[in-house]
$ cat target-v2.pdb   # PDB, C-alpha atoms, pLDDT in the B column
ATOM      1  CA  MET A   1     -46.025 -21.313 -63.066  1.00 98.00           C
ATOM      2  CA  LYS A   2     -45.939 -23.276 -59.829  1.00 98.00           C
ATOM      3  CA  ALA A   3     -48.191 -23.385 -56.785  1.00 98.00           C
ATOM      4  CA  ILE A   4     -46.175 -24.278 -53.677  1.00 98.00           C
ATOM      5  CA  TRP A   5     -47.326 -24.910 -50.125  1.00 98.00           C
ATOM      6  CA  ASN A   6     -45.504 -26.442 -47.164  1.00 95.00           C
ATOM      7  CA  GLY A   7     -42.452 -27.037 -49.380  1.00 95.00           C
ATOM      8  CA  HIS A   8     -44.401 -29.116 -51.913  1.00 97.00           C
ATOM      9  CA  VAL A   9     -45.161 -28.201 -55.522  1.00 98.00           C
ATOM     10  CA  ILE A  10     -48.904 -28.822 -55.691  1.00 98.00           C
ATOM     11  CA  ALA A  11     -49.396 -27.557 -59.253  1.00 98.00           C
ATOM     12  CA  GLU A  12     -47.141 -26.743 -62.185  1.00 98.00           C
ATOM     13  CA  SER A  13     -48.058 -25.579 -65.676  1.00 98.00           C
ATOM     14  CA  ASP A  14     -47.122 -23.156 -68.450  1.00 98.00           C
ATOM     15  CA  ASP A  15     -50.845 -22.916 -69.239  1.00 98.00           C
ATOM     16  CA  THR A  16     -52.495 -20.869 -66.498  1.00 98.00           C
ATOM     17  CA  VAL A  17     -55.409 -18.486 -66.967  1.00 98.00           C
ATOM     18  CA  VAL A  18     -55.215 -15.313 -64.865  1.00 98.00           C
ATOM     19  CA  VAL A  19     -58.529 -13.944 -63.606  1.00 97.00           C
ATOM     20  CA  GLU A  20     -58.654 -11.159 -61.012  1.00 96.00           C
ATOM     21  CA  GLY A  21     -54.959 -11.725 -60.265  1.00 97.00           C
ATOM     22  CA  ASN A  22     -55.361 -15.452 -59.575  1.00 98.00           C
ATOM     23  CA  HIS A  23     -53.631 -18.120 -61.655  1.00 98.00           C
ATOM     24  CA  TYR A  24     -56.011 -20.936 -62.561  1.00 98.00           C
ATOM     25  CA  PHE A  25     -54.067 -24.139 -63.231  1.00 98.00           C
ATOM     26  CA  PRO A  26     -55.393 -26.936 -65.442  1.00 98.00           C
ATOM     27  CA  ARG A  27     -56.867 -29.629 -63.192  1.00 98.00           C
ATOM     28  CA  ALA A  28     -54.531 -32.203 -64.741  1.00 98.00           C
ATOM     29  CA  ALA A  29     -51.522 -30.102 -63.598  1.00 98.00           C
ATOM     30  CA  VAL A  30     -52.543 -30.287 -59.927  1.00 98.00           C
ATOM     31  CA  ASP A  31     -51.232 -33.035 -57.622  1.00 98.00           C
ATOM     32  CA  SER A  32     -54.530 -34.685 -56.712  1.00 97.00           C
ATOM     33  CA  SER A  33     -52.885 -36.637 -53.875  1.00 98.00           C
ATOM     34  CA  VAL A  34     -52.839 -33.452 -51.742  1.00 98.00           C
ATOM     35  CA  LEU A  35     -56.447 -32.400 -52.429  1.00 98.00           C
ATOM     36  CA  VAL A  36     -59.301 -33.204 -50.065  1.00 98.00           C
ATOM     37  CA  GLU A  37     -62.851 -32.269 -51.130  1.00 97.00           C
ATOM     38  CA  SER A  38     -64.391 -29.597 -48.919  1.00 98.00           C
ATOM     39  CA  SER A  39     -68.067 -28.905 -48.294  1.00 98.00           C
ATOM     40  CA  HIS A  40     -67.338 -25.156 -48.455  1.00 98.00           C
ATOM     41  CA  SER A  41     -68.641 -23.120 -51.378  1.00 98.00           C
ATOM     42  CA  SER A  42     -68.951 -19.473 -52.345  1.00 98.00           C
ATOM     43  CA  VAL A  43     -70.759 -17.536 -55.041  1.00 98.00           C
ATOM     44  CA  CYS A  44     -69.349 -14.963 -57.438  1.00 97.00           C
ATOM     45  CA  PRO A  45     -71.935 -12.911 -59.342  1.00 97.00           C
ATOM     46  CA  TRP A  46     -70.140 -13.292 -62.680  1.00 98.00           C
ATOM     47  CA  LYS A  47     -68.191 -16.574 -62.302  1.00 98.00           C
ATOM     48  CA  GLY A  48     -70.779 -18.705 -60.526  1.00 98.00           C
ATOM     49  CA  THR A  49     -70.531 -21.085 -57.557  1.00 98.00           C
ATOM     50  CA  ALA A  50     -67.052 -22.123 -56.444  1.00 98.00           C
ATOM     51  CA  SER A  51     -66.202 -25.430 -54.785  1.00 98.00           C
ATOM     52  CA  TYR A  52     -63.137 -25.865 -52.587  1.00 98.00           C
ATOM     53  CA  PHE A  53     -60.380 -28.296 -51.687  1.00 98.00           C
ATOM     54  CA  THR A  54     -58.436 -28.484 -48.448  1.00 98.00           C
ATOM     55  CA  LEU A  55     -54.722 -29.142 -48.944  1.00 98.00           C
ATOM     56  CA  ASN A  56     -53.032 -31.957 -47.022  1.00 98.00           C
ATOM     57  CA  VAL A  57     -49.253 -31.844 -47.379  1.00 97.00           C
ATOM     58  CA  GLY A  58     -46.764 -33.508 -45.050  1.00 92.00           C
ATOM     59  CA  GLY A  59     -49.422 -34.115 -42.403  1.00 93.00           C
ATOM     60  CA  GLU A  60     -50.465 -30.437 -42.336  1.00 97.00           C
ATOM     61  CA  THR A  61     -53.756 -29.097 -43.644  1.00 98.00           C
ATOM     62  CA  ASN A  62     -54.706 -25.778 -45.224  1.00 98.00           C
ATOM     63  CA  GLU A  63     -58.505 -25.518 -45.105  1.00 98.00           C
ATOM     64  CA  ASN A  64     -60.237 -24.438 -48.311  1.00 98.00           C
ATOM     65  CA  ALA A  65     -56.963 -23.238 -49.859  1.00 98.00           C
ATOM     66  CA  ALA A  66     -57.877 -24.233 -53.419  1.00 98.00           C
ATOM     67  CA  TRP A  67     -61.018 -23.478 -55.381  1.00 98.00           C
ATOM     68  CA  TYR A  68     -62.587 -24.222 -58.722  1.00 98.00           C
ATOM     69  CA  TYR A  69     -65.793 -23.565 -60.619  1.00 98.00           C
ATOM     70  CA  PRO A  70     -67.373 -26.880 -61.703  1.00 97.00           C
ATOM     71  CA  GLU A  71     -69.927 -25.078 -63.883  1.00 97.00           C
ATOM     72  CA  PRO A  72     -68.740 -21.495 -64.406  1.00 98.00           C
ATOM     73  CA  LYS A  73     -71.033 -18.928 -65.948  1.00 98.00           C
ATOM     74  CA  GLU A  74     -70.502 -18.053 -69.619  1.00 97.00           C
ATOM     75  CA  ALA A  75     -68.367 -15.005 -68.748  1.00 97.00           C
ATOM     76  CA  ALA A  76     -65.901 -17.274 -66.906  1.00 98.00           C
ATOM     77  CA  LYS A  77     -65.924 -20.328 -69.180  1.00 98.00           C
ATOM     78  CA  GLN A  78     -62.128 -20.061 -69.606  1.00 98.00           C
ATOM     79  CA  ILE A  79     -61.630 -21.306 -66.015  1.00 98.00           C
ATOM     80  CA  LYS A  80     -63.672 -24.507 -66.327  1.00 97.00           C
ATOM     81  CA  ASP A  81     -61.606 -27.523 -65.201  1.00 96.00           C
ATOM     82  CA  ARG A  82     -59.032 -25.210 -63.577  1.00 98.00           C
ATOM     83  CA  VAL A  83     -57.956 -24.744 -59.950  1.00 98.00           C
ATOM     84  CA  ALA A  84     -56.720 -21.605 -58.171  1.00 98.00           C
ATOM     85  CA  PHE A  85     -55.038 -21.213 -54.771  1.00 98.00           C
ATOM     86  CA  TRP A  86     -54.803 -18.795 -51.851  1.00 98.00           C
ATOM     87  CA  LYS A  87     -54.278 -18.873 -48.059  1.00 98.00           C
ATOM     88  CA  GLY A  88     -50.499 -18.925 -48.114  1.00 97.00           C
ATOM     89  CA  VAL A  89     -50.006 -20.948 -51.281  1.00 98.00           C
ATOM     90  CA  GLU A  90     -47.085 -19.343 -53.135  1.00 98.00           C
ATOM     91  CA  ILE A  91     -47.505 -18.802 -56.865  1.00 98.00           C
ATOM     92  CA  ALA A  92     -44.100 -18.523 -58.544  1.00 97.00           C
ATOM     93  CA  ALA A  93     -42.714 -18.495 -62.064  1.00 95.00           C
TER      94      ALA A  93
END
$ encode --input "target-v2.pdb" --output "structure tokens"
Amino acid sequence: MKAIWNGHVIAESDDTVVVEGNHYFPRAAVDSSVLVESSHSSVCPWKGTASYFTLNVGGETNENAAWYYPEPKEAAKQIKDRVAFWKGVEIAA
């Protein structure tokens, strides 16, 4: 699977975990050069508190377009150290 935004492959892996229709990529498979830490967070009742990254590709930014659960709840432990994408990021095989 690949995550693509603004013409750039930002993540690529054959080892994604799908939760609620979202592909969670291993953190090591994500191009960290395009990730900018965000202060945004959200809470899921069963996964826990999500942290976000803003994408910066080719001089363009996509605010809070990637998220991860630093300390997921037990029910979501399979997504620890994994990153998912939205907000126009294409997920393709």
$ resolve_selection --input "target-v2.pdb" --expression "the PyMOL selection byres ((chain A and resi 68-78) around 6)" --output "MDAnalysis selection string"
chainID A and resid 47:48 50:51 67 79:80 83
$ residues_near_point --input "target-v2.pdb" --point "(-50.1, -27.0, -63.8)" --cutoff "7 Å" --atoms "only C-alpha atoms" --output "CSV table (one decimal) with C-alpha atoms, in the frame of the given file"
chain,number,residue,atom,x,y,z
A,2,LYS,CA,-45.9,-23.3,-59.8
A,11,ALA,CA,-49.4,-27.6,-59.3
A,12,GLU,CA,-47.1,-26.7,-62.2
A,13,SER,CA,-48.1,-25.6,-65.7
A,14,ASP,CA,-47.1,-23.2,-68.4
A,15,ASP,CA,-50.8,-22.9,-69.2
A,25,PHE,CA,-54.1,-24.1,-63.2
A,26,PRO,CA,-55.4,-26.9,-65.4
A,28,ALA,CA,-54.5,-32.2,-64.7
A,29,ALA,CA,-51.5,-30.1,-63.6
A,30,VAL,CA,-52.5,-30.3,-59.9
$ residues_near_point --input "target-v2.pdb" --point "(-42.8, -17.6, -55.6)" --cutoff "12 Å" --atoms "all atoms listed in the file" --output "MDAnalysis selection string"
chainID A and resid 1:5 7 9 88:93
$ atom_distance --input "target-v2.pdb" --atom1 "CA of Thr61 in chain A" --atom2 "CA of Ala84 in chain A"
16.6 Å
$ atom_distance --input "target-v2.pdb" --atom1 "CA of Arg82 in chain A" --atom2 "CA of Pro45 in chain A"
18.3 Å
$ resolve_selection --input "target-v2.pdb" --expression "the PyMOL selection byres ((chain A and resi 87) around 9)" --output "PyMOL selection string"
chain A and resi 62-66+85-86+88-90
$ atom_distance --input "target-v2.pdb" --atom1 "CA of Leu55 in chain A" --atom2 "CA of Leu35 in chain A"
5.1 Å
$ resolve_selection --input "target-v2.pdb" --expression "the PyMOL selection byres ((chain A and resi 58) around 9)" --output "list in words"
Asn6, Gly7, His8, Asn56, Val57, Gly59, Glu60 and Thr61 of chain A
$ residues_around --input "target-v2.pdb" --residues "Ser38 in chain A" --least-positions-apart "3" --cutoff "7 Å" --atoms "all atoms listed in the file" --output "VMD selection string"
chain A and resid 52 to 54 64
$ axis_aligned_box --input "target-v2.pdb" --around "range 41-51 of chain A" --padding-each-side "8 Å" --output "lines of an AutoDock Vina configuration file"
center_x = -69.1
center_y = -19.2
center_z = -57.0
size_x = 21.7
size_y = 28.5
size_z = 27.3
$ build_atoms --input "target-v2.pdb" --residues "range 28-44 of chain A" --atoms "N, CA and C atoms" --output "mmCIF file, in the frame of the given file"
data_model
loop_
_atom_site.group_PDB
_atom_site.id
_atom_site.type_symbol
_atom_site.label_atom_id
_atom_site.label_comp_id
_atom_site.auth_asym_id
_atom_site.auth_seq_id
_atom_site.Cartn_x
_atom_site.Cartn_y
_atom_site.Cartn_z
ATOM 1 N N ALA A 28 -55.495 -31.117 -64.526
ATOM 2 C CA ALA A 28 -54.531 -32.203 -64.741
ATOM 3 C C ALA A 28 -53.130 -31.837 -64.255
ATOM 4 N N ALA A 29 -52.845 -30.542 -64.043
ATOM 5 C CA ALA A 29 -51.522 -30.102 -63.598
ATOM 6 C C ALA A 29 -51.417 -30.031 -62.073
ATOM 7 N N VAL A 30 -52.502 -30.362 -61.389
ATOM 8 C CA VAL A 30 -52.543 -30.287 -59.927
ATOM 9 C C VAL A 30 -52.331 -31.680 -59.343
ATOM 10 N N ASP A 31 -51.499 -31.765 -58.301
ATOM 11 C CA ASP A 31 -51.232 -33.035 -57.622
ATOM 12 C C ASP A 31 -52.473 -33.430 -56.816
ATOM 13 N N SER A 32 -53.269 -34.318 -57.360
ATOM 14 C CA SER A 32 -54.530 -34.685 -56.712
ATOM 15 C C SER A 32 -54.331 -35.413 -55.385
ATOM 16 N N SER A 33 -53.120 -35.919 -55.129
ATOM 17 C CA SER A 33 -52.885 -36.637 -53.875
ATOM 18 C C SER A 33 -52.910 -35.712 -52.658
ATOM 19 N N VAL A 34 -52.827 -34.391 -52.866
ATOM 20 C CA VAL A 34 -52.839 -33.452 -51.742
ATOM 21 C C VAL A 34 -54.180 -32.748 -51.583
ATOM 22 N N LEU A 35 -55.144 -33.062 -52.461
ATOM 23 C CA LEU A 35 -56.447 -32.400 -52.429
ATOM 24 C C LEU A 35 -57.475 -33.228 -51.678
ATOM 25 N N VAL A 36 -58.211 -32.571 -50.794
ATOM 26 C CA VAL A 36 -59.301 -33.204 -50.065
ATOM 27 C C VAL A 36 -60.543 -32.363 -50.328
ATOM 28 N N GLU A 37 -61.607 -32.994 -50.854
ATOM 29 C CA GLU A 37 -62.851 -32.269 -51.130
ATOM 30 C C GLU A 37 -63.341 -31.582 -49.864
ATOM 31 N N SER A 38 -63.833 -30.361 -50.025
ATOM 32 C CA SER A 38 -64.391 -29.597 -48.919
ATOM 33 C C SER A 38 -65.874 -29.371 -49.177
ATOM 34 N N SER A 39 -66.648 -29.209 -48.123
ATOM 35 C CA SER A 39 -68.067 -28.905 -48.294
ATOM 36 C C SER A 39 -68.295 -27.404 -48.462
ATOM 37 N N HIS A 40 -67.230 -26.620 -48.338
ATOM 38 C CA HIS A 40 -67.338 -25.156 -48.455
ATOM 39 C C HIS A 40 -67.617 -24.754 -49.899
ATOM 40 N N SER A 41 -68.401 -23.695 -50.055
ATOM 41 C CA SER A 41 -68.641 -23.120 -51.378
ATOM 42 C C SER A 41 -68.826 -21.622 -51.222
ATOM 43 N N SER A 42 -68.702 -20.913 -52.327
ATOM 44 C CA SER A 42 -68.951 -19.473 -52.345
ATOM 45 C C SER A 42 -69.527 -19.127 -53.709
ATOM 46 N N VAL A 43 -70.122 -17.941 -53.794
ATOM 47 C CA VAL A 43 -70.759 -17.536 -55.041
ATOM 48 C C VAL A 43 -70.177 -16.214 -55.512
ATOM 49 N N CYS A 44 -69.798 -16.185 -56.774
ATOM 50 C CA CYS A 44 -69.349 -14.963 -57.438
ATOM 51 C C CYS A 44 -70.445 -14.577 -58.429
#
